[in-house]
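Reading through the structure tokens given below for one structure.
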Amino acid sequence: MMTMMEVQGQSMSTSQSMETRQSFTAKNVTDTQSDIETQVEAIKMTISQMGMKLEYDSEHPEKTSPMIAGQTKEFEQSLKKPVTVTYDALGHLVGDTTDLGMNQLSNIIIELPDMILSKGSKWNSTKTQNVNGTEFKVNMEYTVTNLSRKSVDVSFTGNIESTEVTGTYNGTASINPNTGLTTNSTTKSNISMTLNEQGMSIPVTIVGTTTVEVK
């Protein structure tokens, strides 16, 4: 993820690379819904800004760069703490999602339509996301690009519905037709917003690529 800010006529950029390992176990499955226990197992992060390289590895916390210790404490509150998430048969979240934090499974469970899919099939979904404390809605459109016994391949695009944030998403994903789980996906995002800090309005652009692999 690359974050670019313009402050008093000067441009500043920060590059961040983050790797998260997450496990999930089906605890209860019926024809109508599935209860999945999930937890974040490990996090690695590298930040490059103003000529400095800051690093964090939850499996080697003694090597944490002091300047990001505050941020990494928030990560540690989510580490190895199981949370149960419930989805219906089409991949819609069921129940209260307020405290899911990093334990959401939206990267591996795509909301599916209640219809038979074929090549060229399209459907839409709306989801809520949070960037730098600002919550907004993302409208997604999915298109089936290929079908086989092993995989349902889709492409997708998205746009942000908000007065404070603008942006787009696009990418591809492969879904296991037997489980409904995404086996791999790539998402590119481009988000623009304005932060108000100490009486200043700071334009911010965030460009990122997220890749997911399920084993």
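Every chain in the structure tokens has a letter given in the order shown (A, B, ...), and although residue numbers restart at 1 in each chain, ligands are simply numbered from 1 in the order shown.
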**Request:** Find the residues around Asn170 (chain A) up to 6 Å (only C-alpha atoms counted), leave out those fewer than 2 positions away in its own chain, and share them as number ranges by chain.
**Result:** A: 156-157, 187-188
**Message:** Just want the 12 Å neighbourhood of region 61-63 of chain A, counted on only C-alpha atoms, with same-chain residues fewer than 6 positions away dropped. Output as a list of chain:residue names.
**Reply:**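 That gives A:Ala42, A:Ile43, A:Lys44, A:Met45, A:Thr46, A:Leu54, A:Glu55, A:Ala69, A:Thr72, A:Lys73, A:Phe75, A:Glu76.
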Per residue of region 127-197 of chain A within 8 Å of region 108-123 of chain A, record the nearest atom pair and its distance in Å to one decimal, counting only C-alpha atoms, with rows in chain order and ascending residue number, as JSON lines.
{"residue": "A:Glu141", "atom": "CA", "partner": "A:Trp123", "partner_atom": "CA", "distance": 5.8}
{"residue": "A:Tyr142", "atom": "CA", "partner": "A:Trp123", "partner_atom": "CA", "distance": 5.4}
{"residue": "A:Thr143", "atom": "CA", "partner": "A:Lys122", "partner_atom": "CA", "distance": 4.5}
{"residue": "A:Val144", "atom": "CA", "partner": "A:Gly120", "partner_atom": "CA", "distance": 5.1}
{"residue": "A:Thr145", "atom": "CA", "partner": "A:Lys119", "partner_atom": "CA", "distance": 5.7}
{"residue": "A:Asn146", "atom": "CA", "partner": "A:Lys119", "partner_atom": "CA", "distance": 5.7}
{"residue": "A:Leu147", "atom": "CA", "partner": "A:Lys119", "partner_atom": "CA", "distance": 6.4}
{"residue": "A:Gly180", "atom": "CA", "partner": "A:Ile109", "partner_atom": "CA", "distance": 7.1}
{"residue": "A:Leu181", "atom": "CA", "partner": "A:Ile109", "partner_atom": "CA", "distance": 5.4}
{"residue": "A:Thr182", "atom": "CA", "partner": "A:Ile108", "partner_atom": "CA", "distance": 4.6}
{"residue": "A:Thr183", "atom": "CA", "partner": "A:Ile108", "partner_atom": "CA", "distance": 7.2}
{"residue": "A:Asn184", "atom": "CA", "partner": "A:Ile108", "partner_atom": "CA", "distance": 7.9}
**Message:** Just want the 12 Å neighbourhood of Asn28 (chain A), counted on only C-alpha atoms, with same-chain residues fewer than 2 positions away dropped. Output as number ranges by chain.
**Reply:** A: 25-26, 30-37, 84-88
Write out the residues from the selection above, keeping C-alpha atoms, as an mmCIF file, in the first residue's frame.
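Result file result18.cif:
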data_model
loop_
_atom_site.group_PDB
_atom_site.id
_atom_site.type_symbol
_atom_site.label_atom_id
_atom_site.label_comp_id
_atom_site.auth_asym_id
_atom_site.auth_seq_id
_atom_site.Cartn_x
_atom_site.Cartn_y
_atom_site.Cartn_z
ATOM 1 C CA THR A 25 -12.361 -23.762 11.214
ATOM 2 C CA ALA A 26 -15.969 -24.683 10.465
ATOM 3 C CA THR A 30 -26.365 -26.517 8.281
ATOM 4 C CA ASP A 31 -28.203 -26.055 4.990
ATOM 5 C CA THR A 32 -28.861 -22.411 5.871
ATOM 6 C CA GLN A 33 -25.716 -21.161 7.630
ATOM 7 C CA SER A 34 -22.159 -21.903 8.797
ATOM 8 C CA ASP A 35 -20.414 -20.936 12.040
ATOM 9 C CA ILE A 36 -16.698 -20.364 11.433
ATOM 10 C CA GLU A 37 -14.107 -19.869 14.159
ATOM 11 C CA THR A 84 -16.872 -16.966 15.698
ATOM 12 C CA VAL A 85 -18.360 -15.562 12.493
ATOM 13 C CA THR A 86 -21.642 -16.770 11.005
ATOM 14 C CA TYR A 87 -22.519 -16.736 7.294
ATOM 15 C CA ASP A 88 -25.656 -17.801 5.498
#
**Asked** region 161-167 of chain A: which residues within 8 Å, counting only C-alpha atoms, same-chain residues fewer than 2 positions away excluded, as a list in words?
**Response**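 My list of contacting residues is Phe136, Lys137, Val138, Asn139, Asn159, Tyr169, Ser189, Asn190, Ile191, Ser192, Met193 and Thr194 of chain A.
Pairwise distance (CA of Asn176 (chain A), CA of Gly208 (chain A)) equals 25.4 Å.
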